[in-house]
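Trainee: Quick one: this structure, given as structure tokens, is what I'll be asking you about.
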Amino acid sequence: MALPPPDPQFVLRGTSAEVHTLHFYCGGQEPDYPILFSGSSNGLIHVWNLKTRRVDTILDGHGGKSVHWVEAIYGRDRLLSQGRNQKICLWDLAEGRNTVTDSVLTENVGFCKCSLLKVAQGHWLMAMPGKDLDEVQVLELPSKTSVCTLKPEADAKPGMAMCLKLWQEPVMSLDFDSEKTKGVSGSSEEVLTVWSLDEQQNLKVQKTHKLINAGIADVAIRQDKKILATAGWDHRIRIFGWKKLKPLAILDYHTATVHCVSFSDHSRPSERLLAAGSKDHRISIWSIYNQTSGALHCPLETRKPA
């Protein structure tokens with residue numbers, strides 16, 4: 001008899017707002033407990049201590065406007081955050097500080113998250129939405145030098161940029177596996193799509209999975225390339241095998257749209273965690289390593305109103 005899907009290992013409360021983005025950092029002083037950064041619709045960034053399961057620090061630098069991207073840079077003491085106040089902030093968190101040391105104006109008020117790619121020690125490329133809705137600008141950090149601006153062809157009308165992902169291959173998707181040269185994407189439709197990249201660097205549909213309920217807000221491939229997770233508008237988190245896109249589990253805890261999912265990158269598999277942030281102001285933390293060998297149960301889906 002199949003086992004029921006697991007419950008969250010624990011739940012983090014206290015953001016007092018919708019959670020729009022999550023980012024794990026696993027190089028802290030407590031190696032068994034990653035640090036979790038969350039960004040909320042009220043403009044606040046919470047730094048969570050997963051040992052105490054409480055907030056260590058609250059960062060307020062986006063004027064009450066929604067924070068929709070955070071990522072650690074230069075270790076845990078430097079953080080990049082992007083908000084709807086048209087500003088990307090660099091934070092200094094060393095020795096208890098919570099200071100914005102630099103910022104970049106985006107001239108864009110959409111919800112498209114930036115994407116960061118490390119190209120050398122101490123140097124990154126950052127893709128960000130451009131001034132025009134269909135433009136993407138790429139900067140070099142820390143100099144903030146403009147590398148290029150990506151514009152559609154004159155007769156093309158792609159519309160607003162909704163998601164970005166930088167990697168060494170010239171491919172765009174919500175998440176990408178450079179080892180297998182394939183990516184995965186989700187949208188407002190009822191389909192999860194896996195794309196492959198051929199030798200001519202053309203993207204082709206490799207596999208699709210039809211969902212019962214439409215709307216995927218976020219997708220993340222775990223660092224070991226075994227599984228991926230999706231954040232659903234229907235309040236659910238879905239776990240798939242990455243190799244064949246096999247449904248493994250439906251995690252049903254939240255009472256509103258799940259905006260974001262993130263995996264920790266612990267070297268020991270048994271310590272890897274999945275975090276999910278929701279419109280219901282909660283962050284659920286899941287430990288699903290032991291179930292990925294086949295014990296995860298994917299029940300028959302039924303439509304659940306959003």
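In the structure tokens, chains take the letters A, B, ... in the order shown, each chain's residues start at 1, and ligands count up from 1 in the order shown.
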Excluding range 146-153 of chain A and its own-chain neighbours fewer than 5 positions away, which residues fall within 7 Å of it when counting only C-alpha atoms? Please give them as a compact mmCIF listing (two decimals) with all heavy atoms, in the first residue's frame.

Mentor:
```txt
# COMPACT_ATOMS: atom_id res chain seq x y z
N ASP A 134 10.16 44.50 -23.16
CA ASP A 134 10.68 43.30 -23.81
C ASP A 134 12.21 43.27 -23.86
O ASP A 134 12.79 42.47 -24.57
CB ASP A 134 10.11 43.16 -25.22
CG ASP A 134 10.31 44.42 -26.07
OD1 ASP A 134 10.98 45.35 -25.60
OD2 ASP A 134 9.78 44.46 -27.20
N GLU A 135 12.87 44.13 -23.09
CA GLU A 135 14.33 44.18 -23.08
C GLU A 135 14.90 43.48 -21.86
O GLU A 135 14.28 43.42 -20.80
CB GLU A 135 14.82 45.63 -23.07
CG GLU A 135 14.70 46.36 -24.38
CD GLU A 135 15.34 47.74 -24.33
OE1 GLU A 135 15.87 48.13 -23.26
OE2 GLU A 135 15.29 48.43 -25.36
N VAL A 136 16.12 42.97 -22.02
CA VAL A 136 16.89 42.40 -20.92
C VAL A 136 18.26 43.04 -20.91
O VAL A 136 18.94 43.10 -21.95
CB VAL A 136 17.04 40.86 -21.07
CG1 VAL A 136 17.95 40.32 -19.96
CG2 VAL A 136 15.68 40.19 -21.03
N GLN A 137 18.68 43.54 -19.77
CA GLN A 137 19.99 44.17 -19.64
C GLN A 137 20.91 43.26 -18.83
O GLN A 137 20.48 42.65 -17.84
CB GLN A 137 19.86 45.53 -18.94
CG GLN A 137 21.17 46.33 -18.91
CD GLN A 137 20.98 47.71 -18.31
OE1 GLN A 137 19.90 48.06 -17.85
NE2 GLN A 137 22.03 48.50 -18.31
N VAL A 138 22.17 43.17 -19.25
CA VAL A 138 23.16 42.35 -18.54
C VAL A 138 24.26 43.26 -18.03
O VAL A 138 24.87 44.01 -18.81
CB VAL A 138 23.75 41.26 -19.46
CG1 VAL A 138 24.78 40.42 -18.70
CG2 VAL A 138 22.64 40.37 -20.02
N LEU A 139 24.52 43.20 -16.70
CA LEU A 139 25.55 44.00 -16.07
C LEU A 139 26.65 43.10 -15.53
O LEU A 139 26.42 41.94 -15.18
CB LEU A 139 24.98 44.82 -14.90
CG LEU A 139 23.84 45.79 -15.17
CD1 LEU A 139 23.46 46.51 -13.87
CD2 LEU A 139 24.22 46.80 -16.24
N GLU A 140 27.86 43.67 -15.43
CA GLU A 140 28.97 43.00 -14.74
C GLU A 140 29.01 43.55 -13.32
O GLU A 140 28.90 44.76 -13.10
CB GLU A 140 30.29 43.27 -15.46
CG GLU A 140 31.45 42.38 -15.01
CD GLU A 140 32.17 42.93 -13.76
OE1 GLU A 140 32.04 44.14 -13.48
OE2 GLU A 140 32.87 42.16 -13.08
```

Trainee: Compile a residue-level contact table for range 36-105 of chain A against range 252-266 of chain A at a cut-off of 12 Å, reporting for every qualifying residue the shortest atom pair and its distance in Å to one decimal, with only C-alpha atoms counted, rows ordered by chain and ascending number, as a tab-separated table.

Mentor:
```
residue	atom	partner	partner_atom	distance
A:Leu36	CA	A:Ser264	CA	8.7
A:Phe37	CA	A:Ser262	CA	10.3
A:Ser38	CA	A:Cys260	CA	9.8
A:Gly39	CA	A:Cys260	CA	10.2
A:Ser40	CA	A:His259	CA	10.3
A:Ser41	CA	A:His259	CA	10.9
A:Leu50	CA	A:Ser264	CA	11.6
A:His68	CA	A:Cys260	CA	9.5
A:Trp69	CA	A:Cys260	CA	10.1
A:Val70	CA	A:Ser262	CA	11.5
A:Glu71	CA	A:Ser262	CA	11.4
```

Trainee: Could you write out that same residue set with all heavy atoms as a short mmCIF file (atom, residue, chain, number, x, y, z; two decimals), in the first residue's frame?

Mentor:
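As a result, again-v8.cif now contains:
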```
data_model
loop_
_atom_site.label_atom_id
_atom_site.label_comp_id
_atom_site.auth_asym_id
_atom_site.auth_seq_id
_atom_site.Cartn_x
_atom_site.Cartn_y
_atom_site.Cartn_z
N LEU A 36 18.18 30.64 5.66
CA LEU A 36 17.14 30.85 4.66
C LEU A 36 16.78 32.33 4.60
O LEU A 36 16.44 32.93 5.62
CB LEU A 36 15.90 30.02 4.98
CG LEU A 36 14.72 30.16 4.01
CD1 LEU A 36 15.11 29.62 2.64
CD2 LEU A 36 13.49 29.42 4.54
N PHE A 37 16.89 32.90 3.41
CA PHE A 37 16.46 34.28 3.19
C PHE A 37 15.08 34.24 2.52
O PHE A 37 14.86 33.46 1.59
CB PHE A 37 17.43 35.02 2.27
CG PHE A 37 18.83 35.14 2.81
CD1 PHE A 37 19.81 34.22 2.46
CD2 PHE A 37 19.18 36.18 3.65
CE1 PHE A 37 21.11 34.33 2.93
CE2 PHE A 37 20.48 36.31 4.13
CZ PHE A 37 21.44 35.38 3.78
N SER A 38 14.17 35.10 2.97
CA SER A 38 12.86 35.20 2.33
C SER A 38 12.55 36.66 2.06
O SER A 38 12.90 37.55 2.84
CB SER A 38 11.77 34.57 3.19
OG SER A 38 11.54 35.32 4.38
N GLY A 39 11.87 36.91 0.93
CA GLY A 39 11.43 38.25 0.58
C GLY A 39 9.92 38.28 0.49
O GLY A 39 9.31 37.35 -0.05
N SER A 40 9.30 39.36 1.00
CA SER A 40 7.85 39.40 1.13
C SER A 40 7.24 40.59 0.41
O SER A 40 7.94 41.54 0.03
CB SER A 40 7.45 39.42 2.61
OG SER A 40 7.97 38.30 3.30
N SER A 41 5.92 40.56 0.31
CA SER A 41 5.20 41.61 -0.40
C SER A 41 5.19 42.94 0.36
O SER A 41 4.87 43.97 -0.22
CB SER A 41 3.76 41.16 -0.66
OG SER A 41 3.08 40.91 0.56
N LEU A 50 17.46 28.34 10.94
CA LEU A 50 16.70 27.10 10.92
C LEU A 50 17.02 26.19 12.10
O LEU A 50 16.36 25.17 12.28
CB LEU A 50 16.92 26.37 9.59
CG LEU A 50 16.40 27.11 8.35
CD1 LEU A 50 16.45 26.19 7.14
CD2 LEU A 50 14.98 27.63 8.55
N HIS A 68 11.06 40.48 -4.67
CA HIS A 68 10.80 39.26 -5.44
C HIS A 68 12.06 38.52 -5.88
O HIS A 68 11.98 37.60 -6.69
CB HIS A 68 9.89 39.54 -6.64
CG HIS A 68 10.29 40.68 -7.50
ND1 HIS A 68 9.87 41.97 -7.30
CD2 HIS A 68 11.08 40.73 -8.60
CE1 HIS A 68 10.36 42.76 -8.22
NE2 HIS A 68 11.11 42.03 -9.02
N TRP A 69 13.22 38.89 -5.33
CA TRP A 69 14.44 38.11 -5.61
C TRP A 69 15.48 38.43 -4.55
O TRP A 69 15.71 39.61 -4.22
CB TRP A 69 14.99 38.45 -7.00
CG TRP A 69 16.27 37.75 -7.38
CD1 TRP A 69 16.43 36.42 -7.64
CD2 TRP A 69 17.56 38.34 -7.57
NE1 TRP A 69 17.73 36.15 -8.01
CE2 TRP A 69 18.45 37.32 -7.95
CE3 TRP A 69 18.05 39.65 -7.45
CZ2 TRP A 69 19.80 37.56 -8.22
CZ3 TRP A 69 19.39 39.88 -7.71
CH2 TRP A 69 20.26 38.85 -8.09
N VAL A 70 16.10 37.40 -3.98
CA VAL A 70 17.24 37.57 -3.06
C VAL A 70 18.26 36.48 -3.37
O VAL A 70 17.90 35.36 -3.74
CB VAL A 70 16.83 37.48 -1.57
CG1 VAL A 70 15.98 38.67 -1.15
CG2 VAL A 70 16.09 36.19 -1.27
N GLU A 71 19.53 36.84 -3.26
CA GLU A 71 20.59 35.84 -3.48
C GLU A 71 21.86 36.28 -2.76
O GLU A 71 22.25 37.45 -2.82
CB GLU A 71 20.86 35.65 -4.97
CG GLU A 71 21.83 34.50 -5.26
CD GLU A 71 21.69 33.97 -6.67
OE1 GLU A 71 20.63 34.16 -7.29
OE2 GLU A 71 22.67 33.36 -7.15
#
```

Trainee: For CA of Lys65 in chain A and CA of Phe176 in chain A, determine how far apart the two atoms are, in Å to one decimal place.

Mentor: 29.2 Å

Trainee: Which residues are near Lys113 in chain A? Cut-off 10 Å, only C-alpha atoms, ignore same chain within fewer than 3 positions. Put them as a PyMOL selection string.

Mentor: chain A and resi 21+67-70+81-83+110+116+127-129+161-165

Trainee: Between CA of Leu117 in chain A and CA of Lys87 in chain A, what is the distance, to one decimal in Å?

Mentor: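 Spanning CA of Leu117 in chain A to CA of Lys87 in chain A is a straight-line distance of 19.1 Å.
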
Trainee: Range 63-226 of chain A: which residues are strand (DSSP E or B) by DSSP, as an NGL selection string?

Mentor: :A and (67-72 or 78-83 or 87-92 or 99-105 or 115-120 or 123-129 or 136-141 or 145-150 or 175-177 or 182-185 or 191-197 or 203-210 or 216-221)

Trainee: Tell me, as a ChimeraX atom specification, which residues lie within 12 Å of Asp177 in chain A, counting only C-alpha atoms; anything in the same chain fewer than 6 positions away does not count.

Mentor: /A:165-169,171,183-185,194-197,220-228,242-243
